[in-house]
>>> print(open('input-v5.txt').read())   # compact mmCIF, C-alpha atoms and all ligand atoms
# COMPACT_ATOMS: atom_id res chain seq x y z
CA MET A 29 5.72 -27.52 -11.36
CA ILE A 30 3.44 -26.08 -8.70
CA ASP A 31 -0.27 -26.45 -8.99
CA HIS A 32 -1.60 -23.39 -7.21
CA PRO A 33 -4.10 -20.84 -8.52
CA THR A 34 -1.66 -17.97 -7.95
CA ARG A 35 1.11 -18.85 -10.36
CA ASP A 36 0.21 -16.50 -13.18
CA VAL A 37 -0.51 -13.38 -11.08
CA GLY A 38 3.15 -12.38 -10.74
CA PHE A 39 5.75 -12.23 -7.99
CA GLY A 40 6.58 -9.08 -6.05
CA VAL A 41 9.12 -8.08 -3.41
CA TYR A 42 8.17 -5.63 -0.66
CA VAL A 43 11.07 -3.97 1.18
CA HIS A 44 10.26 -2.09 4.39
CA TRP A 45 12.39 0.85 5.56
CA PRO A 46 11.18 1.48 9.10
CA PHE A 47 12.55 4.97 9.86
CA CYS A 48 11.04 8.45 9.61
CA ALA A 49 12.39 11.91 10.35
CA SER A 50 9.42 12.46 12.69
CA LYS A 51 6.31 10.54 13.66
CA CYS A 52 3.03 11.80 12.23
CA PRO A 53 0.26 11.86 14.85
CA TYR A 54 -2.21 9.86 12.73
CA CYS A 55 0.16 7.10 11.61
CA ASP A 56 0.27 3.55 13.00
CA PHE A 57 2.63 2.12 10.40
CA ASN A 58 5.85 0.46 11.56
CA SER A 59 7.87 3.68 11.57
CA HIS A 60 10.43 4.83 14.12
CA VAL A 61 12.39 8.01 14.74
CA ARG A 62 16.10 7.71 15.60
CA HIS A 63 18.13 10.59 16.95
CA GLN A 64 21.40 8.95 15.93
CA PRO A 65 22.17 8.34 12.25
CA VAL A 66 20.93 4.92 11.10
CA ASP A 67 23.75 2.55 10.15
CA GLN A 68 22.61 1.97 6.58
CA GLU A 69 25.52 -0.38 5.76
CA ARG A 70 24.57 -2.68 8.60
CA PHE A 71 20.91 -2.65 7.60
CA LEU A 72 21.89 -3.24 3.98
CA ALA A 73 23.86 -6.35 4.93
CA ALA A 74 20.79 -7.63 6.81
CA PHE A 75 18.44 -6.89 3.89
CA LYS A 76 20.78 -8.84 1.62
CA ARG A 77 20.82 -11.82 3.99
CA GLU A 78 17.06 -11.86 4.28
CA ILE A 79 16.67 -11.67 0.49
CA ALA A 80 19.07 -14.59 0.02
CA HIS A 81 17.29 -16.59 2.71
CA THR A 82 13.89 -16.00 1.10
CA ALA A 83 15.18 -16.84 -2.38
CA ALA A 84 16.51 -20.15 -1.09
CA ARG A 85 12.97 -20.98 0.06
CA ILE A 86 11.21 -19.89 -3.14
CA PRO A 87 13.75 -20.15 -5.96
CA GLY A 88 13.08 -19.75 -9.66
CA ARG A 89 10.64 -16.85 -9.51
CA THR A 90 10.59 -13.92 -11.92
CA VAL A 91 10.14 -10.59 -10.14
CA THR A 92 7.39 -8.50 -11.73
CA SER A 93 7.39 -5.67 -9.17
CA ILE A 94 9.35 -4.28 -6.22
CA PHE A 95 8.05 -1.77 -3.69
CA PHE A 96 10.13 0.15 -1.14
CA GLY A 97 7.64 1.19 1.53
CA GLY A 98 7.84 2.60 5.00
CA GLY A 99 8.43 4.40 7.07
CA THR A 100 10.24 6.76 4.79
CA PRO A 101 12.34 4.93 2.18
CA SER A 102 13.41 8.30 0.75
CA LEU A 103 15.69 8.57 3.79
CA MET A 104 17.73 5.73 2.28
CA LYS A 105 20.85 6.60 0.35
CA PRO A 106 20.49 5.84 -3.36
CA GLU A 107 23.47 3.46 -2.96
CA THR A 108 21.57 1.48 -0.32
CA VAL A 109 18.53 1.23 -2.63
CA GLY A 110 20.77 0.23 -5.57
CA ALA A 111 22.51 -2.48 -3.55
CA ILE A 112 19.17 -3.94 -2.40
CA LEU A 113 17.97 -3.99 -6.02
CA ASP A 114 21.18 -5.74 -7.05
CA ALA A 115 20.60 -8.35 -4.34
CA ILE A 116 17.03 -8.94 -5.52
CA GLY A 117 18.26 -9.17 -9.14
CA GLY A 118 20.89 -11.69 -8.05
CA ALA A 119 18.40 -13.79 -6.12
CA TRP A 120 15.65 -14.10 -8.73
CA ALA A 121 15.18 -13.39 -12.44
CA MET A 122 13.87 -9.89 -13.17
CA ASP A 123 11.06 -9.24 -15.59
CA PRO A 124 12.46 -6.60 -17.98
CA GLY A 125 9.29 -4.53 -17.48
CA ALA A 126 9.31 -4.83 -13.68
CA GLU A 127 7.78 -1.88 -11.84
CA VAL A 128 10.13 -0.62 -9.11
CA THR A 129 8.46 1.90 -6.79
CA LEU A 130 9.84 3.90 -3.88
CA GLU A 131 7.68 5.80 -1.39
CA ALA A 132 9.07 9.27 -0.82
CA ASN A 133 8.25 12.14 1.48
CA PRO A 134 8.11 15.40 -0.47
CA THR A 135 10.64 17.57 1.36
CA SER A 136 13.28 19.38 -0.63
CA VAL A 137 16.05 17.30 0.95
CA GLU A 138 14.48 14.12 -0.30
CA ALA A 139 13.70 15.45 -3.76
CA GLU A 140 17.44 15.99 -4.18
CA ARG A 141 17.92 12.24 -4.04
CA PHE A 142 15.37 11.44 -6.79
CA ARG A 143 17.92 11.40 -9.62
CA GLY A 144 20.10 9.03 -7.60
CA TYR A 145 17.14 6.70 -7.11
CA ARG A 146 16.50 6.59 -10.82
CA GLY A 147 20.15 5.74 -11.40
CA ALA A 148 19.78 2.97 -8.80
CA GLY A 149 16.89 1.39 -10.73
CA ILE A 150 13.73 3.00 -9.31
CA ASN A 151 11.24 3.68 -12.11
CA ARG A 152 8.23 4.96 -10.16
CA VAL A 153 7.81 7.11 -7.04
CA SER A 154 4.86 7.52 -4.75
CA LEU A 155 4.91 10.82 -2.86
CA GLY A 156 3.20 11.41 0.48
CA VAL A 157 1.76 14.86 -0.21
CA GLN A 158 -1.23 14.31 2.15
CA ALA A 159 -2.80 17.81 1.88
CA LEU A 160 -2.59 20.91 -0.30
CA ASN A 161 -3.19 23.27 2.57
CA ASP A 162 -0.40 24.45 4.90
CA PRO A 163 -2.36 24.66 8.18
CA ASP A 164 -3.60 21.08 7.62
CA LEU A 165 -0.10 19.85 6.78
CA ARG A 166 1.04 21.29 10.11
CA ARG A 167 -1.86 19.65 11.94
CA LEU A 168 -0.92 16.35 10.30
CA GLY A 169 2.59 16.83 11.68
CA ARG A 170 4.13 16.93 8.23
CA MET A 171 7.57 18.43 7.65
CA HIS A 172 6.79 19.86 4.20
CA SER A 173 4.77 22.83 2.95
CA VAL A 174 2.42 22.80 -0.04
CA GLU A 175 5.04 24.66 -2.06
CA GLU A 176 7.71 22.10 -1.21
CA ALA A 177 5.38 19.21 -2.02
CA LEU A 178 4.41 20.62 -5.40
CA SER A 179 8.03 21.28 -6.19
CA ALA A 180 8.88 17.65 -5.27
CA VAL A 181 6.05 16.48 -7.57
CA LYS A 182 7.51 18.59 -10.37
CA ILE A 183 10.99 17.17 -9.81
CA ALA A 184 9.55 13.62 -9.74
CA ALA A 185 7.71 14.31 -13.01
CA SER A 186 10.92 15.48 -14.66
CA ILE A 187 12.87 12.39 -13.57
CA PHE A 188 10.43 9.47 -13.57
CA ASP A 189 8.02 8.36 -16.29
CA ARG A 190 5.64 7.19 -13.59
CA TYR A 191 4.74 8.86 -10.31
CA SER A 192 1.81 9.00 -7.95
CA PHE A 193 0.98 10.95 -4.84
CA ASP A 194 -1.12 10.35 -1.76
CA LEU A 195 -3.64 12.66 -0.15
CA ILE A 196 -5.60 12.13 3.04
CA TYR A 197 -9.15 13.48 3.08
CA ALA A 198 -11.89 13.71 5.73
CA ARG A 199 -9.37 15.53 7.91
CA PRO A 200 -10.57 17.43 10.99
CA GLY A 201 -12.82 20.26 9.75
CA HIS A 202 -12.59 19.17 6.10
CA THR A 203 -15.62 20.39 4.13
CA PRO A 204 -16.86 19.01 0.81
CA GLU A 205 -16.23 22.40 -0.85
CA ALA A 206 -12.64 22.59 0.38
CA TRP A 207 -11.95 18.99 -0.67
CA ALA A 208 -13.47 19.46 -4.13
CA ALA A 209 -11.17 22.44 -4.77
CA GLU A 210 -8.12 20.68 -3.30
CA LEU A 211 -8.74 17.59 -5.41
CA GLU A 212 -9.09 19.63 -8.60
CA GLN A 213 -5.75 21.24 -7.79
CA ALA A 214 -4.18 17.84 -7.06
CA ILE A 215 -5.40 16.39 -10.35
CA SER A 216 -3.82 19.25 -12.24
CA HIS A 217 -0.46 17.96 -10.92
CA ALA A 218 -1.19 14.25 -11.33
CA VAL A 219 -0.38 12.50 -14.57
CA GLU A 220 -1.55 8.95 -14.12
CA HIS A 221 -2.15 7.88 -10.53
CA LEU A 222 -3.46 9.18 -7.20
CA SER A 223 -4.01 7.43 -3.85
CA LEU A 224 -6.78 9.12 -1.87
CA TYR A 225 -7.25 7.82 1.66
CA GLN A 226 -10.01 8.74 4.05
CA LEU A 227 -8.42 9.63 7.41
CA THR A 228 -8.75 6.80 9.91
CA ILE A 229 -8.26 7.38 13.61
CA GLU A 230 -5.92 4.49 14.35
CA PRO A 231 -5.69 2.93 17.82
CA GLY A 232 -2.56 3.91 19.73
CA THR A 233 -1.88 7.11 17.76
CA TRP A 234 -1.78 10.69 19.02
CA PHE A 235 -4.85 11.44 16.96
CA GLN A 236 -6.72 8.74 18.82
CA ARG A 237 -5.82 10.32 22.18
CA LEU A 238 -6.88 13.75 20.93
CA TYR A 239 -10.05 12.29 19.47
CA ASP A 240 -10.93 10.45 22.69
CA ALA A 241 -10.29 13.65 24.66
CA GLY A 242 -12.65 15.55 22.33
CA LYS A 243 -9.81 17.75 21.06
CA ILE A 244 -10.23 16.80 17.42
CA THR A 245 -13.30 15.80 15.50
CA VAL A 246 -13.54 14.21 12.08
CA PRO A 247 -16.34 14.69 9.54
CA ASP A 248 -19.51 12.79 10.48
CA GLU A 249 -20.75 9.84 8.42
CA GLU A 250 -22.87 11.96 6.10
CA THR A 251 -20.02 14.40 5.36
CA GLY A 252 -17.63 11.46 4.98
CA ARG A 253 -19.95 10.00 2.36
CA ALA A 254 -20.17 13.36 0.55
CA LEU A 255 -16.35 13.57 0.54
CA TYR A 256 -16.14 10.04 -0.85
CA ASP A 257 -18.69 10.82 -3.57
CA ILE A 258 -16.80 13.98 -4.58
CA THR A 259 -13.62 11.90 -4.80
CA GLN A 260 -15.21 9.40 -7.18
CA GLU A 261 -16.95 11.98 -9.36
CA THR A 262 -14.02 14.38 -9.65
CA CYS A 263 -11.48 11.68 -10.45
CA GLU A 264 -13.75 10.03 -12.97
CA LYS A 265 -14.44 13.35 -14.69
CA HIS A 266 -10.69 13.79 -15.17
CA GLY A 267 -10.04 10.29 -16.51
CA LEU A 268 -8.64 8.88 -13.25
CA PRO A 269 -11.35 6.43 -12.19
CA ALA A 270 -10.99 4.36 -9.03
CA TYR A 271 -9.58 0.93 -9.79
CA GLU A 272 -9.46 0.12 -6.08
CA ILE A 273 -11.39 1.65 -3.21
CA SER A 274 -8.70 4.33 -2.54
CA ASN A 275 -6.64 4.24 -5.73
CA HIS A 276 -7.27 6.08 -8.96
CA ALA A 277 -5.45 5.77 -12.27
CA ARG A 278 -5.65 6.28 -15.95
CA PRO A 279 -6.43 2.85 -17.45
CA GLY A 280 -3.13 0.99 -17.74
CA ALA A 281 -1.36 3.16 -15.14
CA GLU A 282 -2.46 1.17 -12.09
CA SER A 283 0.20 0.30 -9.51
CA ARG A 284 1.25 -3.17 -10.62
CA HIS A 285 2.70 -3.99 -7.23
CA ASN A 286 -0.49 -3.13 -5.38
CA LEU A 287 -2.52 -5.00 -8.01
CA LEU A 288 -0.45 -8.04 -7.14
CA TYR A 289 -1.66 -7.86 -3.52
CA TRP A 290 -5.26 -7.32 -4.50
CA ARG A 291 -5.15 -10.06 -7.14
CA TYR A 292 -3.72 -12.27 -4.42
CA GLY A 293 -0.39 -13.02 -6.00
CA GLU A 294 2.84 -14.17 -4.40
CA TYR A 295 5.15 -11.71 -2.65
CA ALA A 296 8.14 -11.73 -0.36
CA GLY A 297 8.23 -9.33 2.61
CA ILE A 298 11.75 -8.13 3.41
CA GLY A 299 12.74 -5.91 6.34
CA PRO A 300 11.30 -5.13 9.80
CA GLY A 301 7.57 -5.76 10.11
CA ALA A 302 7.15 -6.90 6.50
CA HIS A 303 4.49 -9.42 5.54
CA GLY A 304 4.84 -12.01 2.81
CA ARG A 305 2.69 -14.60 1.10
CA LEU A 306 4.90 -17.37 -0.23
CA VAL A 307 3.63 -20.26 -2.29
CA THR A 308 5.56 -23.41 -1.45
CA GLY A 309 4.41 -26.72 -2.85
CA ASN A 310 0.66 -26.43 -2.90
CA ALA A 311 0.35 -24.22 0.17
CA ARG A 312 0.45 -20.52 0.86
CA LEU A 313 2.58 -19.38 3.77
CA ALA A 314 1.81 -16.12 5.56
CA THR A 315 5.07 -14.73 6.94
CA SER A 316 5.72 -11.76 9.27
CA THR A 317 9.05 -10.43 10.39
CA GLU A 318 10.06 -8.82 13.70
CA LYS A 319 8.79 -5.23 13.74
CA HIS A 320 11.33 -3.49 15.93
CA PRO A 321 14.16 -2.36 13.60
CA GLU A 322 17.19 -3.10 15.76
CA THR A 323 15.71 -6.36 17.10
CA TRP A 324 15.04 -7.43 13.49
CA LEU A 325 18.63 -6.47 12.60
CA GLU A 326 20.11 -8.63 15.37
CA LEU A 327 17.79 -11.50 14.52
CA VAL A 328 18.86 -11.47 10.87
CA GLU A 329 22.51 -11.25 11.87
CA ARG A 330 22.03 -14.29 14.11
CA GLU A 331 19.58 -16.40 12.08
CA GLY A 332 19.83 -15.15 8.50
CA HIS A 333 16.21 -13.94 8.50
CA GLY A 334 13.81 -11.93 10.66
CA VAL A 335 10.67 -14.07 10.29
CA ILE A 336 9.05 -14.54 13.70
CA ASP A 337 5.66 -15.74 12.60
CA GLU A 338 4.79 -18.17 9.87
CA GLU A 339 1.54 -19.91 9.19
CA VAL A 340 0.32 -22.25 6.47
CA LEU A 341 -3.02 -20.79 5.47
CA THR A 342 -5.96 -23.17 5.47
CA SER A 343 -7.94 -23.30 2.25
CA GLU A 344 -10.73 -21.43 4.05
CA ALA A 345 -8.34 -18.64 5.14
CA GLU A 346 -6.99 -18.42 1.58
CA GLY A 347 -10.52 -18.08 0.22
CA ASP A 348 -11.32 -15.32 2.73
CA GLU A 349 -8.12 -13.39 2.01
CA PHE A 350 -8.71 -13.77 -1.71
CA LEU A 351 -12.15 -12.16 -1.36
CA LEU A 352 -10.97 -9.53 1.11
CA MET A 353 -8.25 -8.37 -1.27
CA GLY A 354 -9.93 -8.91 -4.64
CA LEU A 355 -13.26 -7.27 -3.90
CA ARG A 356 -11.48 -3.97 -3.20
CA LEU A 357 -10.80 -3.87 -6.92
CA LYS A 358 -13.31 -2.48 -9.37
CA GLU A 359 -12.54 -5.44 -11.65
CA GLY A 360 -13.58 -7.78 -8.81
CA VAL A 361 -12.61 -11.45 -8.68
CA ASP A 362 -13.00 -14.63 -10.70
CA PRO A 363 -15.14 -16.91 -8.50
CA ARG A 364 -13.43 -19.94 -10.06
CA ARG A 365 -10.23 -18.98 -8.25
CA PHE A 366 -12.20 -18.99 -4.99
CA GLU A 367 -13.31 -22.51 -5.85
CA ALA A 368 -9.75 -23.53 -6.66
CA PHE A 369 -8.57 -22.24 -3.26
CA THR A 370 -11.36 -23.64 -1.14
CA GLY A 371 -12.87 -26.54 -3.10
CA LYS A 372 -16.23 -24.86 -2.49
CA THR A 373 -18.49 -22.54 -4.41
CA LEU A 374 -19.59 -19.18 -3.00
CA ASN A 375 -22.87 -19.18 -1.14
CA GLN A 376 -25.35 -18.76 -4.02
CA ARG A 377 -28.19 -17.53 -1.81
CA ARG A 378 -26.05 -14.73 -0.36
CA LEU A 379 -24.78 -13.82 -3.80
CA ARG A 380 -28.37 -13.49 -5.03
CA ILE A 381 -29.41 -11.31 -2.10
CA LEU A 382 -26.42 -8.98 -2.51
CA GLU A 383 -27.07 -8.81 -6.25
CA GLU A 384 -30.75 -8.00 -5.72
CA GLU A 385 -29.72 -5.22 -3.35
CA GLY A 386 -27.50 -3.83 -6.12
CA LEU A 387 -24.32 -4.21 -4.02
CA ILE A 388 -22.55 -6.71 -6.29
CA GLN A 389 -22.59 -7.63 -9.93
CA VAL A 390 -22.11 -11.20 -11.09
CA ASP A 391 -21.23 -11.57 -14.72
CA GLY A 392 -20.01 -14.98 -15.86
CA SER A 393 -16.45 -15.27 -14.65
CA ARG A 394 -16.46 -11.97 -12.72
CA LEU A 395 -17.87 -11.01 -9.36
CA ALA A 396 -17.49 -7.31 -8.56
CA VAL A 397 -18.76 -4.82 -6.02
CA THR A 398 -20.90 -2.05 -7.56
CA PRO A 399 -20.50 1.71 -6.93
CA LYS A 400 -23.41 1.36 -4.50
CA GLY A 401 -21.61 -1.47 -2.71
CA PHE A 402 -18.19 0.19 -2.31
CA PRO A 403 -19.16 2.54 0.54
CA VAL A 404 -20.29 -0.56 2.49
CA LEU A 405 -17.50 -2.83 1.21
CA ASN A 406 -16.63 -4.36 4.57
CA ALA A 407 -20.20 -5.49 5.13
CA VAL A 408 -20.36 -6.98 1.61
CA ILE A 409 -17.12 -8.92 2.15
CA ALA A 410 -18.22 -10.11 5.58
CA GLU A 411 -21.43 -11.43 4.03
CA LEU A 412 -19.58 -13.35 1.30
CA ALA A 413 -16.71 -14.61 3.39
CA ALA A 414 -18.89 -15.84 6.27
C1 LIG A 501 2.82 4.62 5.71
S1 LIG A 501 2.70 5.98 4.67
C2 LIG A 501 4.31 5.91 3.96
C3 LIG A 501 4.60 7.05 3.04
C4 LIG A 501 5.42 8.19 3.55
N1 LIG A 501 6.15 7.93 4.72
C5 LIG A 501 4.54 9.38 3.83
O1 LIG A 501 4.00 9.46 4.91
O2 LIG A 501 4.43 10.19 2.95
C6 LIG A 501 1.61 5.51 3.36
C7 LIG A 501 0.36 6.32 3.23
O3 LIG A 501 -0.61 5.91 4.15
C8 LIG A 501 -1.53 6.95 4.36
N2 LIG A 501 -1.93 6.93 5.78
C9 LIG A 501 -1.14 6.70 6.84
N3 LIG A 501 -1.88 6.76 7.98
C10 LIG A 501 -3.16 7.03 7.62
C11 LIG A 501 -4.38 7.23 8.34
N4 LIG A 501 -4.43 7.14 9.67
N5 LIG A 501 -5.50 7.48 7.63
C12 LIG A 501 -5.46 7.56 6.28
N6 LIG A 501 -4.34 7.41 5.57
C13 LIG A 501 -3.20 7.14 6.22
C14 LIG A 501 -0.83 8.23 3.94
O4 LIG A 501 -1.49 8.83 2.86
C15 LIG A 501 0.54 7.78 3.54
O5 LIG A 501 1.02 8.46 2.44
S1 LIG A 502 2.83 8.89 7.63
FE1 LIG A 502 4.76 8.43 6.62
S2 LIG A 502 6.22 9.98 7.41
FE2 LIG A 502 4.48 10.00 8.77
S3 LIG A 502 5.10 8.61 10.43
FE3 LIG A 502 3.87 7.41 8.95
S4 LIG A 502 5.34 6.50 7.62
FE4 LIG A 502 6.41 8.17 8.69
>>> encode(input="input-v5.txt", output="structure tokens")
Amino acid sequence: MIDHPTRDVGFGVYVHWPFCASKCPYCDFNSHVRHQPVDQERFLAAFKREIAHTAARIPGRTVTSIFFGGGTPSLMKPETVGAILDAIGGAWAMDPGAEVTLEANPTSVEAERFRGYRGAGINRVSLGVQALNDPDLRRLGRMHSVEEALSAVKIAASIFDRYSFDLIYARPGHTPEAWAAELEQAISHAVEHLSLYQLTIEPGTWFQRLYDAGKITVPDEETGRALYDITQETCEKHGLPAYEISNHARPGAESRHNLLYWRYGEYAGIGPGAHGRLVTGNARLATSTEKHPETWLELVEREGHGVIDEEVLTSEAEGDEFLLMGLRLKEGVDPRRFEAFTGKTLNQRRLRILEEEGLIQVDGSRLAVTPKGFPVLNAVIAELAA
């Protein structure tokens, strides 16, 4: 029915829960702390309305993955999660093998809800462990200890077939030796998937103020590169190679929802500050909802949805996004999809230069960044997308 080179990549639903128990000083995600209990029933009603509104715009899809992200979705009651899943299941068909992930913070209070989440339909959790070192967890403003985090991982492993956890490396004072040991320890608790992010000093965060005032320093470029190399080598050695620049998995255990973004599929963004890419007719719409939780709530109650920005992507913008997302993946992209989006071929001269420099590999229907190219990924993408 729709002739668009995205049809067969799958359809995902992202649900954003915008609240956290406290704000971490490095984080610039859309997360807010409330000192009064959040009215989950009222938010649930709004989530349901926004789901119904989105389904009316893009009916007939089959959901291949759902992701509850945040913020801290593990502050949601299992009943709230279950009711949102029911609404999604009522709005679209569900693939029987759909991956349904919830991001959880690893405190003991939250781990107590894991069984309820499984009963509600969650089949994968992603835990924000961040560090396996108590002083660093405190510096990162986290509310859990290493012991609590490892216990939450153990509980997750006993309840869910699939789980992952996140660590942040290149933290202030982080040495290659300390990271190598920490990563080995992490891998001994990981079954199939790990997300390993290099700390970024994000504008507007506490860490940025401290950094600008010279009160924290992060590893220099050379140390950062050594930390990155250790990450690749250690994970590979243990059978968890990178399939994306920051994500490592046993082959077949990749996050299907995140693959959908990187393979430039179609997804609905539900909740405050969620982004979507909807394919209507032959065009791709980029949608963004109101970020502020209570403003979003009132907007949905008034209008039936919280979308405040919507743009039909030009074929050029689609081509750029496609490269920006796809080249993060080790598998790379199929250049023919770029041609289908843009009606143009990639710049052959630039491809040749990047290939001669050993930064990309072009092999028939695949174009992929090489291990040498990944540390300078942004420059490679800028060169191809220009
Ligand atoms: C938005 S958080 C949501 C998950 C959950 N609330 C938590 O913090 O555990 C998703 C992940 O982004 C990563 N992250 C957030 N801010 C970051 C930063 N400034 N640098 C690197 N990684 C960051 C963390 O690893 C975190 O687990
Ligand atoms: S890192 Fe996670 S817990 Fe911390 S403020 Fe951000 S979203 Fe909330």
>>> residues_near_ligand(input="input-v5.txt", ligand="ligand LIG 502 (chain A)", cutoff="6 Å", atoms="all atoms listed in the file", output="list in words")
Cys48, Lys51, Cys52, Cys55, Phe57, Ser59, Gly98, Gly99 and Thr100 of chain A
>>> residues_near_ligand(input="input-v5.txt", ligand="ligand LIG 501 (chain A)", cutoff="7 Å", atoms="all atoms listed in the file", output="VMD selection string")
chain A and resid 48 54 to 57 97 to 100 131 to 133 155 to 158 194 to 196 225 to 230
>>> closest_residue(input="input-v5.txt", among="A:Tyr239, A:Ile258, A:Val174, A:Arg394", to="Ala209 of chain A", atoms="only C-alpha atoms")
A:Ile258
>>> atom_distance(input="input-v5.txt", atom1="atom CA of Arg77 of chain A", atom2="atom CA of Leu327 of chain A")
11.0 Å
>>> residues_around(input="input-v5.txt", residues="Asn286 of chain A", least_positions_apart="3", cutoff="10 Å", atoms="all atoms listed in the file", output="list in words")
Gly40, Ser93, Ile94, Phe95, Glu272, Asn275, Glu282, Ser283, Tyr289, Trp290, Arg291, Tyr292 and Gly293 of chain A
>>> residues_near_point(input="input-v5.txt", point="(13.3, -11.5, -16.1)", cutoff="8 Å", atoms="only C-alpha atoms", output="list in words")
Thr90, Val91, Thr92, Ala121, Met122, Asp123 and Pro124 of chain A
>>> write_last_selection(input="input-v5.txt", atoms="C-alpha atoms", output="short mmCIF file (atom, residue, chain, number, x, y, z; two decimals), in the coordinates of the input")
data_model
loop_
_atom_site.label_atom_id
_atom_site.label_comp_id
_atom_site.auth_asym_id
_atom_site.auth_seq_id
_atom_site.Cartn_x
_atom_site.Cartn_y
_atom_site.Cartn_z
CA THR A 90 10.59 -13.92 -11.92
CA VAL A 91 10.14 -10.59 -10.14
CA THR A 92 7.39 -8.50 -11.73
CA ALA A 121 15.18 -13.39 -12.44
CA MET A 122 13.87 -9.89 -13.17
CA ASP A 123 11.06 -9.24 -15.59
CA PRO A 124 12.46 -6.60 -17.98
#
>>> closest_residue(input="input-v5.txt", among="A:Lys265, A:Arg284, A:Arg237, A:His303", to="Val128 of chain A", atoms="only C-alpha atoms")
A:Arg284
>>> residues_near_point(input="input-v5.txt", point="(-19.5, -3.5, 2.1)", cutoff="10 Å", atoms="only C-alpha atoms", output="VMD selection string")
chain A and resid 355 to 356 382 387 to 388 397 to 398 400 to 412
>>> closest_residue(input="input-v5.txt", among="A:Glu140, A:Asp348, A:Glu338, A:Glu264", to="Val181 of chain A", atoms="all atoms listed in the file")
A:Glu140
>>> closest_residue(input="input-v5.txt", among="A:Gly232, A:Gly371, A:Gly301, A:Pro269", to="Leu357 of chain A", atoms="only C-alpha atoms")
A:Pro269
>>> atom_distance(input="input-v5.txt", atom1="atom CA of Ile215 of chain A", atom2="atom CA of Ser192 of chain A")
10.6 Å
>>> atom_distance(input="input-v5.txt", atom1="atom CA of Ala49 of chain A", atom2="atom CA of Leu168 of chain A")
14.0 Å
>>> closest_residue(input="input-v5.txt", among="A:Trp120, A:Phe188, A:Tyr295, A:Phe142", to="Glu107 of chain A", atoms="only C-alpha atoms")
A:Phe142
>>> closest_residue(input="input-v5.txt", among="A:Ala368, A:Leu288, A:Gly147, A:Gly169", to="Val37 of chain A", atoms="all atoms listed in the file")
A:Leu288
>>> residues_around(input="input-v5.txt", residues="Val137 of chain A", least_positions_apart="4", cutoff="10 Å", atoms="only C-alpha atoms", output="ChimeraX atom specification")
/A:102-103,133,141-142,176,180
>>> decode(input="input-v5.txt", residues="segment 81-120 of chain A", atoms="C-alpha atoms", output="PDB file, in the first residue's frame")
ATOM      1  CA  HIS A  81      -4.564   9.519  18.432  1.00  0.00           C
ATOM      2  CA  THR A  82      -1.327   8.194  16.902  1.00  0.00           C
ATOM      3  CA  ALA A  83      -2.959   4.913  15.849  1.00  0.00           C
ATOM      4  CA  ALA A  84      -5.677   6.841  14.036  1.00  0.00           C
ATOM      5  CA  ARG A  85      -2.942   8.548  12.000  1.00  0.00           C
ATOM      6  CA  ILE A  86      -0.955   5.389  11.217  1.00  0.00           C
ATOM      7  CA  PRO A  87      -3.371   2.462  11.422  1.00  0.00           C
ATOM      8  CA  GLY A  88      -2.684  -1.127  10.432  1.00  0.00           C
ATOM      9  CA  ARG A  89       0.846  -1.440  11.772  1.00  0.00           C
ATOM     10  CA  THR A  90       2.236  -4.486  13.554  1.00  0.00           C
ATOM     11  CA  VAL A  91       4.271  -3.554  16.632  1.00  0.00           C
ATOM     12  CA  THR A  92       7.653  -5.307  16.673  1.00  0.00           C
ATOM     13  CA  SER A  93       9.072  -3.553  19.752  1.00  0.00           C
ATOM     14  CA  ILE A  94       8.084  -1.283  22.635  1.00  0.00           C
ATOM     15  CA  PHE A  95      10.494   0.665  24.827  1.00  0.00           C
ATOM     16  CA  PHE A  96       9.656   2.407  28.116  1.00  0.00           C
ATOM     17  CA  GLY A  97      12.405   4.990  28.552  1.00  0.00           C
ATOM     18  CA  GLY A  98      12.990   7.945  30.778  1.00  0.00           C
ATOM     19  CA  GLY A  99      13.392   9.428  33.129  1.00  0.00           C
ATOM     20  CA  THR A 100      12.871   6.443  35.339  1.00  0.00           C
ATOM     21  CA  PRO A 101      10.092   4.155  34.071  1.00  0.00           C
ATOM     22  CA  SER A 102      10.734   1.819  37.014  1.00  0.00           C
ATOM     23  CA  LEU A 103       8.937   4.428  39.141  1.00  0.00           C
ATOM     24  CA  MET A 104       5.747   3.457  37.293  1.00  0.00           C
ATOM     25  CA  LYS A 105       3.381   1.047  38.959  1.00  0.00           C
ATOM     26  CA  PRO A 106       3.244  -2.294  37.136  1.00  0.00           C
ATOM     27  CA  GLU A 107      -0.500  -1.641  36.634  1.00  0.00           C
ATOM     28  CA  THR A 108       0.281   1.603  34.801  1.00  0.00           C
ATOM     29  CA  VAL A 109       2.767  -0.217  32.545  1.00  0.00           C
ATOM     30  CA  GLY A 110       0.251  -3.043  31.943  1.00  0.00           C
ATOM     31  CA  ALA A 111      -2.530  -0.617  31.030  1.00  0.00           C
ATOM     32  CA  ILE A 112      -0.263   1.224  28.557  1.00  0.00           C
ATOM     33  CA  LEU A 113       0.677  -2.110  26.969  1.00  0.00           C
ATOM     34  CA  ASP A 114      -3.006  -3.011  26.710  1.00  0.00           C
ATOM     35  CA  ALA A 115      -3.681   0.312  24.992  1.00  0.00           C
ATOM     36  CA  ILE A 116      -0.864  -0.289  22.501  1.00  0.00           C
ATOM     37  CA  GLY A 117      -2.142  -3.843  21.897  1.00  0.00           C
ATOM     38  CA  GLY A 118      -5.632  -2.459  21.306  1.00  0.00           C
ATOM     39  CA  ALA A 119      -4.412   0.207  18.898  1.00  0.00           C
ATOM     40  CA  TRP A 120      -2.205  -1.931  16.639  1.00  0.00           C
TER      41      TRP A 120
END
